[in-house]
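What follows is the content of run28.pdb, which has PDB, C-alpha atoms and all ligand atoms:
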```pdb
MODEL        1
ATOM      1  CA  MET B   1       0.000   0.000   0.000
ATOM      2  CA  GLU B   2       1.314   3.475  -0.860
ATOM      3  CA  GLU B   3       2.008   5.844   2.009
ATOM      4  CA  ASN B   4      -0.489   8.484   0.855
ATOM      5  CA  GLU B   5      -3.133   5.825   0.345
ATOM      6  CA  GLN B   6      -2.626   4.736   3.975
ATOM      7  CA  SER B   7      -3.008   8.226   5.363
ATOM      8  CA  ALA B   8      -6.064   8.836   3.175
ATOM      9  CA  ARG B   9      -7.596   5.812   4.883
ATOM     10  CA  GLY B  10      -6.592   7.074   8.325
ATOM     11  CA  LEU B  11      -4.066   4.308   8.866
ATOM     12  CA  HIS B  12      -1.080   5.119  11.054
ATOM     13  CA  PHE B  13       1.979   2.923  10.910
ATOM     14  CA  VAL B  14       2.846   1.847  14.462
ATOM     15  CA  GLY B  15       5.584  -0.728  13.951
ATOM     16  CA  LYS B  16       6.735  -4.012  12.508
ATOM     17  CA  LYS B  17       4.603  -6.955  13.430
ATOM     18  CA  ASP B  18       7.504  -8.963  14.906
ATOM     19  CA  GLU B  19       8.577  -6.100  17.152
ATOM     20  CA  LEU B  20       5.074  -5.479  18.439
ATOM     21  CA  ILE B  21       4.588  -9.186  19.121
ATOM     22  CA  GLU B  22       7.792  -9.300  21.095
ATOM     23  CA  ALA B  23       6.941  -6.160  23.061
ATOM     24  CA  LYS B  24       3.379  -7.456  23.802
ATOM     25  CA  GLN B  25       2.317  -3.965  24.920
ATOM     26  CA  SER B  26       3.488  -0.843  23.108
ATOM     27  CA  PHE B  27       2.770   2.824  23.750
ATOM     28  CA  ARG B  28       2.291   5.135  20.730
ATOM     29  CA  SER B  29       1.130   8.707  20.231
ATOM     30  CA  ILE B  30      -1.060   9.231  17.203
ATOM     31  CA  GLU B  31      -2.532  12.639  16.381
ATOM     32  CA  ASP B  32      -2.215  13.808  20.016
ATOM     33  CA  ARG B  33      -3.801  10.640  21.290
ATOM     34  CA  ASP B  34      -1.878   8.187  23.457
ATOM     35  CA  ILE B  35      -2.600   4.610  22.549
ATOM     36  CA  LEU B  36      -1.671   1.222  23.888
ATOM     37  CA  ILE B  37      -1.200  -1.535  21.330
ATOM     38  CA  ILE B  38      -1.557  -4.989  22.818
ATOM     39  CA  TYR B  39      -0.652  -8.331  21.337
ATOM     40  CA  HIS B  40      -2.275 -11.282  23.051
ATOM     41  CA  GLN B  41      -2.854 -14.859  21.885
ATOM     42  CA  GLY B  42      -2.332 -14.072  18.205
ATOM     43  CA  VAL B  43      -4.465 -10.923  18.071
ATOM     44  CA  PHE B  44      -3.633  -7.205  18.149
ATOM     45  CA  TYR B  45      -5.781  -4.713  20.037
ATOM     46  CA  ALA B  46      -5.495  -0.961  20.514
ATOM     47  CA  MET B  47      -7.086   1.250  23.133
ATOM     48  CA  ASP B  48      -6.568   4.586  24.859
ATOM     49  CA  SER B  49      -3.585   4.181  27.129
ATOM     50  CA  TYR B  50      -4.981   6.073  30.172
ATOM     51  CA  CYS B  51      -7.630   4.301  32.189
ATOM     52  CA  TYR B  52     -10.984   6.079  32.160
ATOM     53  CA  HIS B  53     -11.315   5.697  35.944
ATOM     54  CA  ALA B  54      -8.530   7.989  37.139
ATOM     55  CA  GLY B  55      -6.084   8.268  34.255
ATOM     56  CA  GLY B  56      -3.795   5.400  35.315
ATOM     57  CA  MET B  57      -1.434   4.048  32.642
ATOM     58  CA  LEU B  58      -2.736   0.726  31.387
ATOM     59  CA  ASN B  59       0.753  -0.256  30.149
ATOM     60  CA  ASN B  60       1.918  -3.528  31.680
ATOM     61  CA  GLY B  61      -1.536  -4.355  32.989
ATOM     62  CA  ASP B  62      -2.123  -8.103  33.283
ATOM     63  CA  ILE B  63      -4.379  -9.704  30.701
ATOM     64  CA  GLU B  64      -7.006 -12.132  31.998
ATOM     65  CA  GLU B  65     -10.066 -13.809  30.617
ATOM     66  CA  ILE B  66     -13.133 -12.767  32.602
ATOM     67  CA  ASN B  67     -16.556 -14.134  31.851
ATOM     68  CA  GLY B  68     -15.313 -15.262  28.426
ATOM     69  CA  LYS B  69     -13.852 -11.851  27.550
ATOM     70  CA  LEU B  70     -10.169 -10.922  27.478
ATOM     71  CA  CYS B  71      -9.508  -7.962  29.746
ATOM     72  CA  ILE B  72      -6.603  -5.768  30.708
ATOM     73  CA  ILE B  73      -6.417  -5.158  34.442
ATOM     74  CA  CYS B  74      -5.522  -1.544  35.160
ATOM     75  CA  PRO B  75      -2.421  -1.598  37.384
ATOM     76  CA  LYS B  76      -3.688   1.358  39.425
ATOM     77  CA  HIS B  77      -6.995   0.215  40.974
ATOM     78  CA  LYS B  78      -7.528  -3.089  39.132
ATOM     79  CA  TYR B  79     -10.482  -2.095  36.978
ATOM     80  CA  LYS B  80     -11.093  -4.665  34.244
ATOM     81  CA  LEU B  81     -11.445  -3.444  30.652
ATOM     82  CA  THR B  82     -12.273  -5.724  27.747
ATOM     83  CA  LEU B  83      -9.651  -5.635  25.012
ATOM     84  CA  ALA B  84     -12.141  -5.907  22.188
ATOM     85  CA  LYS B  85     -14.596  -3.162  23.145
ATOM     86  CA  GLY B  86     -13.299  -1.275  26.176
ATOM     87  CA  GLU B  87     -16.203  -2.353  28.396
ATOM     88  CA  CYS B  88     -15.582  -2.184  32.118
ATOM     89  CA  LEU B  89     -16.530  -5.394  33.906
ATOM     90  CA  TYR B  90     -17.201  -5.648  37.611
ATOM     91  CA  LYS B  91     -18.365  -8.302  39.998
ATOM     92  CA  GLY B  92     -21.540  -7.644  41.889
ATOM     93  CA  ASN B  93     -24.472  -9.206  43.683
ATOM     94  CA  ASN B  94     -28.100  -8.932  42.748
ATOM     95  CA  PRO B  95     -29.785  -8.218  46.106
ATOM     96  CA  LYS B  96     -33.038  -9.733  44.794
ATOM     97  CA  GLU B  97     -31.321 -13.094  44.469
ATOM     98  CA  LYS B  98     -31.544 -15.150  47.661
ATOM     99  CA  PRO B  99     -28.873 -16.054  48.468
ATOM    100  CA  PRO B 100     -27.026 -13.508  46.299
ATOM    101  CA  VAL B 101     -24.483 -15.071  43.929
ATOM    102  CA  PRO B 102     -21.648 -12.795  42.774
ATOM    103  CA  ARG B 103     -21.679 -12.364  38.982
ATOM    104  CA  TRP B 104     -19.854 -10.291  36.390
ATOM    105  CA  TYR B 105     -21.664  -7.256  35.071
ATOM    106  CA  SER B 106     -20.714  -4.636  32.476
ATOM    107  CA  LYS B 107     -20.689  -0.898  33.110
ATOM    108  CA  GLY B 108     -20.711  -0.438  29.317
ATOM    109  CA  VAL B 109     -17.994   0.914  27.048
ATOM    110  CA  LYS B 110     -15.711   3.214  29.054
ATOM    111  CA  GLN B 111     -12.382   2.921  27.241
ATOM    112  CA  ARG B 112     -12.058   3.987  23.602
ATOM    113  CA  THR B 113     -10.725   1.200  21.388
ATOM    114  CA  HIS B 114      -9.139   1.577  17.960
ATOM    115  CA  THR B 115      -8.753  -0.642  14.913
ATOM    116  CA  VAL B 116      -5.552  -2.536  14.178
ATOM    117  CA  THR B 117      -4.713  -3.877  10.722
ATOM    118  CA  GLU B 118      -1.727  -5.647   9.241
ATOM    119  CA  ASN B 119      -0.195  -5.280   5.815
ATOM    120  CA  ASN B 120       2.963  -7.170   4.776
ATOM    121  CA  GLY B 121       4.299  -7.515   8.295
ATOM    122  CA  GLU B 122       3.541  -3.894   9.181
ATOM    123  CA  ILE B 123       0.947  -2.882  11.722
ATOM    124  CA  TYR B 124      -1.371   0.102  11.363
ATOM    125  CA  VAL B 125      -3.849   1.704  13.744
ATOM    126  CA  LYS B 126      -6.932   3.588  12.674
ATOM    127  CA  LEU B 127      -8.283   5.813  15.418
ATOM    128  CA  SER B 128     -11.857   5.265  16.498
ATOM    129  CA  ASP B 129     -14.286   7.544  14.677
ATOM    130  CA  ASN B 130     -17.107   6.979  17.147
ATOM    131  CA  PRO B 131     -18.453  10.531  17.595
ATOM    132  CA  ASN B 132     -19.875   9.816  21.054
ATOM    133  CA  TRP B 133     -18.091  10.798  24.242
ATOM    134  CA  ILE B 134     -16.301   7.823  25.784
ATOM    135  CA  GLU B 135     -15.037   8.328  29.305
ATOM    136  CA  SER B 136     -11.376   7.615  28.519
ATOM    137  CA  ASP B 137     -11.456  10.723  26.247
ATOM    138  CA  TYR B 138     -11.196  12.786  29.430
ATOM    139  CA  TYR B 139      -7.533  11.891  29.972
ATOM    140  CA  GLN B 140      -6.352  12.502  26.401
ATOM    141  CA  GLY B 141      -4.707  15.595  24.893
ATOM    142  CA  GLU B 142      -3.385  18.663  26.693
ATOM    143  CA  LYS B 143      -6.325  19.010  29.062
ATOM    144  CA  GLY B 144      -6.086  15.329  29.876
ATOM    145  CA  LYS B 145      -2.436  15.714  30.793
ATOM    146  CA  ILE B 146      -3.402  18.283  33.449
ATOM    147  CA  GLU B 147      -6.170  16.020  34.746
ATOM    148  CA  ARG B 148      -3.789  13.041  34.892
ATOM    149  CA  ALA B 149      -1.339  15.055  36.941
ATOM    150  CA  LYS B 150      -4.113  15.855  39.470
ATOM    151  CA  ALA B 151      -5.379  12.272  39.712
TER     152      ALA B 151
HETATM  153 FE1  LIG P 201      -7.439   2.460  36.376
HETATM  154 FE2  LIG P 201      -8.288   3.452  38.673
HETATM  155  S1  LIG P 201      -7.038   4.397  37.220
HETATM  156  S2  LIG P 201      -8.559   1.469  37.864
ENDMDL
END
```
Let me see whether you can do it: turn the structure in this file into structure tokens.
Ligand code: FES
Amino acid sequence: MEENEQSARGLHFVGKKDELIEAKQSFRSIEDRDILIIYHQGVFYAMDSYCYHAGGMLNNGDIEEINGKLCIICPKHKYKLTLAKGECLYKGNNPKEKPPVPRWYSKGVKQRTHTVTENNGEIYVKLSDNPNWIESDYYQGEKGKIERAKA
């Protein structure tokens, strides 16, 4: 693919496939957005690198399967974010259930995720074009940097 064709499609080169596989988790800045690229069990994922909860760096968070969904565990307060969609999962009880059995619930999509593609051993990220506010947006850009410093 030609370079100008890639940028016309919003694709940003983020590294060689082999290097990103070896690194497992890689931090990149794309258009003023800080992104974490994750390689896990043969699949690449990309998401905002600052946790929506309080701006913690997700880098080096453990990856675990929870309720059938792969999640990164935020190192700061252990929130669980699905790699595929950025949903936050939590364990809770339904008080109407007697006796209550703890189950996993979703708080919905909280972390913005981005699209990763591969071409000839090179990896590209296309930033999410979802126009809706997603909570992890709060910690991005210049304003986000100030908020992260306060958190
Ligand atoms: Fe990630 Fe609090 S900052 S869980």
Who sits within 9 Å of range 70-75 of chain B, all atoms listed in the file, same chain under 2 positions skipped, as a list in words: Cys51, Gly56, Met57, Leu58, Asn59, Asn60, Gly61, Asp62, Ile63, Glu64, Glu65, Ile66, Asn67, Gly68, His77, Lys78, Tyr79, Lys80, Leu81, Thr82, Leu83, Ala84, Gly86, Glu87, Cys88 and Leu89 of chain B
Using the chain letters and numbers from this file, what does the PyMOL selection byres (((chain B and resi 10) around 12) and not hetatm) select? Give the answer as a PDB file with C-alpha atoms, in the coordinates of the input.
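The resulting file, selection-v5.pdb, is shown below:
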```
ATOM      1  CA  GLU B   3       2.008   5.844   2.009  1.00  0.00           C
ATOM      2  CA  ASN B   4      -0.489   8.484   0.855  1.00  0.00           C
ATOM      3  CA  GLU B   5      -3.133   5.825   0.345  1.00  0.00           C
ATOM      4  CA  GLN B   6      -2.626   4.736   3.975  1.00  0.00           C
ATOM      5  CA  SER B   7      -3.008   8.226   5.363  1.00  0.00           C
ATOM      6  CA  ALA B   8      -6.064   8.836   3.175  1.00  0.00           C
ATOM      7  CA  ARG B   9      -7.596   5.812   4.883  1.00  0.00           C
ATOM      8  CA  LEU B  11      -4.066   4.308   8.866  1.00  0.00           C
ATOM      9  CA  HIS B  12      -1.080   5.119  11.054  1.00  0.00           C
ATOM     10  CA  PHE B  13       1.979   2.923  10.910  1.00  0.00           C
ATOM     11  CA  ILE B  30      -1.060   9.231  17.203  1.00  0.00           C
ATOM     12  CA  GLU B  31      -2.532  12.639  16.381  1.00  0.00           C
ATOM     13  CA  HIS B 114      -9.139   1.577  17.960  1.00  0.00           C
ATOM     14  CA  THR B 115      -8.753  -0.642  14.913  1.00  0.00           C
ATOM     15  CA  VAL B 116      -5.552  -2.536  14.178  1.00  0.00           C
ATOM     16  CA  THR B 117      -4.713  -3.877  10.722  1.00  0.00           C
ATOM     17  CA  TYR B 124      -1.371   0.102  11.363  1.00  0.00           C
ATOM     18  CA  VAL B 125      -3.849   1.704  13.744  1.00  0.00           C
ATOM     19  CA  LYS B 126      -6.932   3.588  12.674  1.00  0.00           C
ATOM     20  CA  LEU B 127      -8.283   5.813  15.418  1.00  0.00           C
ATOM     21  CA  SER B 128     -11.857   5.265  16.498  1.00  0.00           C
ATOM     22  CA  ASP B 129     -14.286   7.544  14.677  1.00  0.00           C
TER      23      ASP B 129
END
```
Resolved residues for the PyMOL selection byres (((chain B and resi 46) around 7) and not hetatm) as a VMD selection string: chain B and resid 35 to 38 44 to 45 47 113 to 116
Got time to write the residues from that selection, C-alpha atoms, as a short mmCIF file (atom, residue, chain, number, x, y, z; two decimals), in the coordinates of the input?
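Okay, out-v2.cif is ready:
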```cif
data_model
loop_
_atom_site.label_atom_id
_atom_site.label_comp_id
_atom_site.auth_asym_id
_atom_site.auth_seq_id
_atom_site.Cartn_x
_atom_site.Cartn_y
_atom_site.Cartn_z
CA ILE B 35 -2.60 4.61 22.55
CA LEU B 36 -1.67 1.22 23.89
CA ILE B 37 -1.20 -1.54 21.33
CA ILE B 38 -1.56 -4.99 22.82
CA PHE B 44 -3.63 -7.20 18.15
CA TYR B 45 -5.78 -4.71 20.04
CA MET B 47 -7.09 1.25 23.13
CA THR B 113 -10.72 1.20 21.39
CA HIS B 114 -9.14 1.58 17.96
CA THR B 115 -8.75 -0.64 14.91
CA VAL B 116 -5.55 -2.54 14.18
#
```
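Computed from the coordinates, the CA of Asp34 in chain B to CA of Tyr139 in chain B distance equals 9.4 Å.
What separates CA of Gly92 in chain B from CA of Lys107 in chain B is a distance of 11.1 Å.
Counting all atoms listed in the file, the residue from B:Ser49, B:Asn119, B:Asn130, B:Ser26 that sits nearest to ligand LIG 201 (chain P) is B:Ser49.
The space separating CA of His53 in chain B from CA of Ile21 in chain B comes to 27.5 Å.
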Centre and edge lengths, as lines of an AutoDock Vina configuration file, for the axis-aligned box enclosing every listed atom of ligand LIG 201 (chain P) with 5 Å of padding on each of the six sides, in Å to one decimal?
```
center_x = -7.8
center_y = 2.9
center_z = 37.5
size_x = 11.5
size_y = 12.9
size_z = 12.3
```
Tell me which of B:Gly55, B:Gly141, B:Pro131, B:Pro95 sits closest to ligand LIG 201 (chain P), counting all atoms listed in the file. B:Gly55
Taking (-14.4, 5.7, 30.1) in the file's coordinates, which residues come within 9 Å, counting only C-alpha atoms, written as a PyMOL selection string? chain B and resi 51-53+86-88+108-112+133-138
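Closest approach to ligand LIG 201 (chain P) among B:Ala23, B:Val101, B:Ala151, B:Ala54 is made by B:Ala54 (distances from only C-alpha atoms and all ligand atoms).
This file, filtered with the PyMOL selection byres (((chain B and resi 105) around 6) and not hetatm), gives the residues Leu89, Tyr90, Trp104 and Ser106 of chain B.
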Output file for the selection above: C-alpha atoms, as a PDB file, in the frame of the given file:
```
ATOM      1  CA  LEU B  89     -16.530  -5.394  33.906  1.00  0.00           C
ATOM      2  CA  TYR B  90     -17.201  -5.648  37.611  1.00  0.00           C
ATOM      3  CA  TRP B 104     -19.854 -10.291  36.390  1.00  0.00           C
ATOM      4  CA  SER B 106     -20.714  -4.636  32.476  1.00  0.00           C
TER       5      SER B 106
END
```
Taking all atoms listed in the file into account, which of B:Lys96, B:Lys143, B:Lys76, B:Arg103 comes nearest ligand LIG 201 (chain P)? B:Lys76
When you get a chance, write out all heavy atoms for range 66-77 of chain B, as a CSV table (one decimal), keeping the file's coordinate frame.
```csv
chain,number,residue,atom,x,y,z
B,66,ILE,N,-12.1,-12.9,31.6
B,66,ILE,CA,-13.1,-12.8,32.6
B,66,ILE,C,-14.5,-12.9,31.9
B,66,ILE,O,-14.8,-12.2,31.0
B,66,ILE,CB,-13.0,-11.4,33.3
B,66,ILE,CG1,-11.7,-11.3,34.0
B,66,ILE,CG2,-14.2,-11.1,34.2
B,66,ILE,CD1,-11.4,-10.0,34.6
B,67,ASN,N,-15.2,-13.9,32.4
B,67,ASN,CA,-16.6,-14.1,31.9
B,67,ASN,C,-16.5,-14.3,30.3
B,67,ASN,O,-17.3,-13.8,29.6
B,67,ASN,CB,-17.5,-12.9,32.2
B,67,ASN,CG,-18.9,-13.4,32.5
B,67,ASN,OD1,-19.1,-14.6,32.7
B,67,ASN,ND2,-19.8,-12.5,32.4
B,68,GLY,N,-15.4,-15.0,29.9
B,68,GLY,CA,-15.3,-15.3,28.4
B,68,GLY,C,-14.7,-14.1,27.6
B,68,GLY,O,-14.7,-14.2,26.4
B,69,LYS,N,-14.4,-13.0,28.3
B,69,LYS,CA,-13.9,-11.9,27.6
B,69,LYS,C,-12.4,-11.5,28.0
B,69,LYS,O,-12.2,-11.5,29.2
B,69,LYS,CB,-14.7,-10.6,27.8
B,69,LYS,CG,-16.1,-10.8,27.2
B,69,LYS,CD,-17.0,-9.6,27.5
B,69,LYS,CE,-18.3,-9.7,26.9
B,69,LYS,NZ,-19.3,-8.7,27.3
B,70,LEU,N,-11.5,-11.3,27.1
B,70,LEU,CA,-10.2,-10.9,27.5
B,70,LEU,C,-10.2,-9.5,28.0
B,70,LEU,O,-10.7,-8.6,27.3
B,70,LEU,CB,-9.2,-11.1,26.3
B,70,LEU,CG,-8.8,-12.5,25.9
B,70,LEU,CD1,-8.1,-12.5,24.6
B,70,LEU,CD2,-8.0,-13.1,27.0
B,71,CYS,N,-9.5,-9.3,29.1
B,71,CYS,CA,-9.5,-8.0,29.7
B,71,CYS,C,-8.1,-7.6,30.1
B,71,CYS,O,-7.3,-8.4,30.5
B,71,CYS,CB,-10.3,-8.0,31.1
B,71,CYS,SG,-12.1,-8.3,30.8
B,72,ILE,N,-7.8,-6.3,30.1
B,72,ILE,CA,-6.6,-5.8,30.7
B,72,ILE,C,-7.0,-5.3,32.1
B,72,ILE,O,-8.1,-4.7,32.3
B,72,ILE,CB,-5.9,-4.7,29.9
B,72,ILE,CG1,-4.6,-4.3,30.5
B,72,ILE,CG2,-6.8,-3.4,29.6
B,72,ILE,CD1,-3.6,-3.6,29.5
B,73,ILE,N,-6.2,-5.6,33.1
B,73,ILE,CA,-6.4,-5.2,34.4
B,73,ILE,C,-5.6,-3.9,34.7
B,73,ILE,O,-4.4,-3.9,34.6
B,73,ILE,CB,-6.0,-6.2,35.5
B,73,ILE,CG1,-6.4,-7.7,35.0
B,73,ILE,CG2,-6.5,-5.9,36.9
B,73,ILE,CD1,-7.8,-7.9,34.9
B,74,CYS,N,-6.3,-2.8,34.9
B,74,CYS,CA,-5.5,-1.5,35.2
B,74,CYS,C,-4.6,-1.7,36.4
B,74,CYS,O,-5.1,-2.1,37.5
B,74,CYS,CB,-6.5,-0.4,35.4
B,74,CYS,SG,-5.6,1.2,35.7
B,75,PRO,N,-3.3,-1.4,36.2
B,75,PRO,CA,-2.4,-1.6,37.4
B,75,PRO,C,-2.8,-0.7,38.6
B,75,PRO,O,-2.4,-1.0,39.7
B,75,PRO,CB,-1.0,-1.2,36.8
B,75,PRO,CG,-1.2,-1.4,35.4
B,75,PRO,CD,-2.6,-1.0,35.0
B,76,LYS,N,-3.5,0.4,38.3
B,76,LYS,CA,-3.7,1.4,39.4
B,76,LYS,C,-4.7,0.9,40.5
B,76,LYS,O,-4.5,0.8,41.6
B,76,LYS,CB,-4.0,2.7,38.9
B,76,LYS,CG,-3.7,3.8,39.8
B,76,LYS,CD,-3.7,5.2,39.1
B,76,LYS,CE,-3.3,6.3,40.1
B,76,LYS,NZ,-3.3,7.6,39.5
B,77,HIS,N,-6.0,0.7,40.0
B,77,HIS,CA,-7.0,0.2,41.0
B,77,HIS,C,-7.7,-1.1,40.5
B,77,HIS,O,-8.8,-1.4,41.0
B,77,HIS,CB,-8.1,1.3,41.2
B,77,HIS,CG,-7.6,2.6,41.5
B,77,HIS,ND1,-7.6,3.7,40.6
B,77,HIS,CD2,-7.0,3.1,42.6
B,77,HIS,CE1,-7.0,4.8,41.1
B,77,HIS,NE2,-6.7,4.5,42.3
```
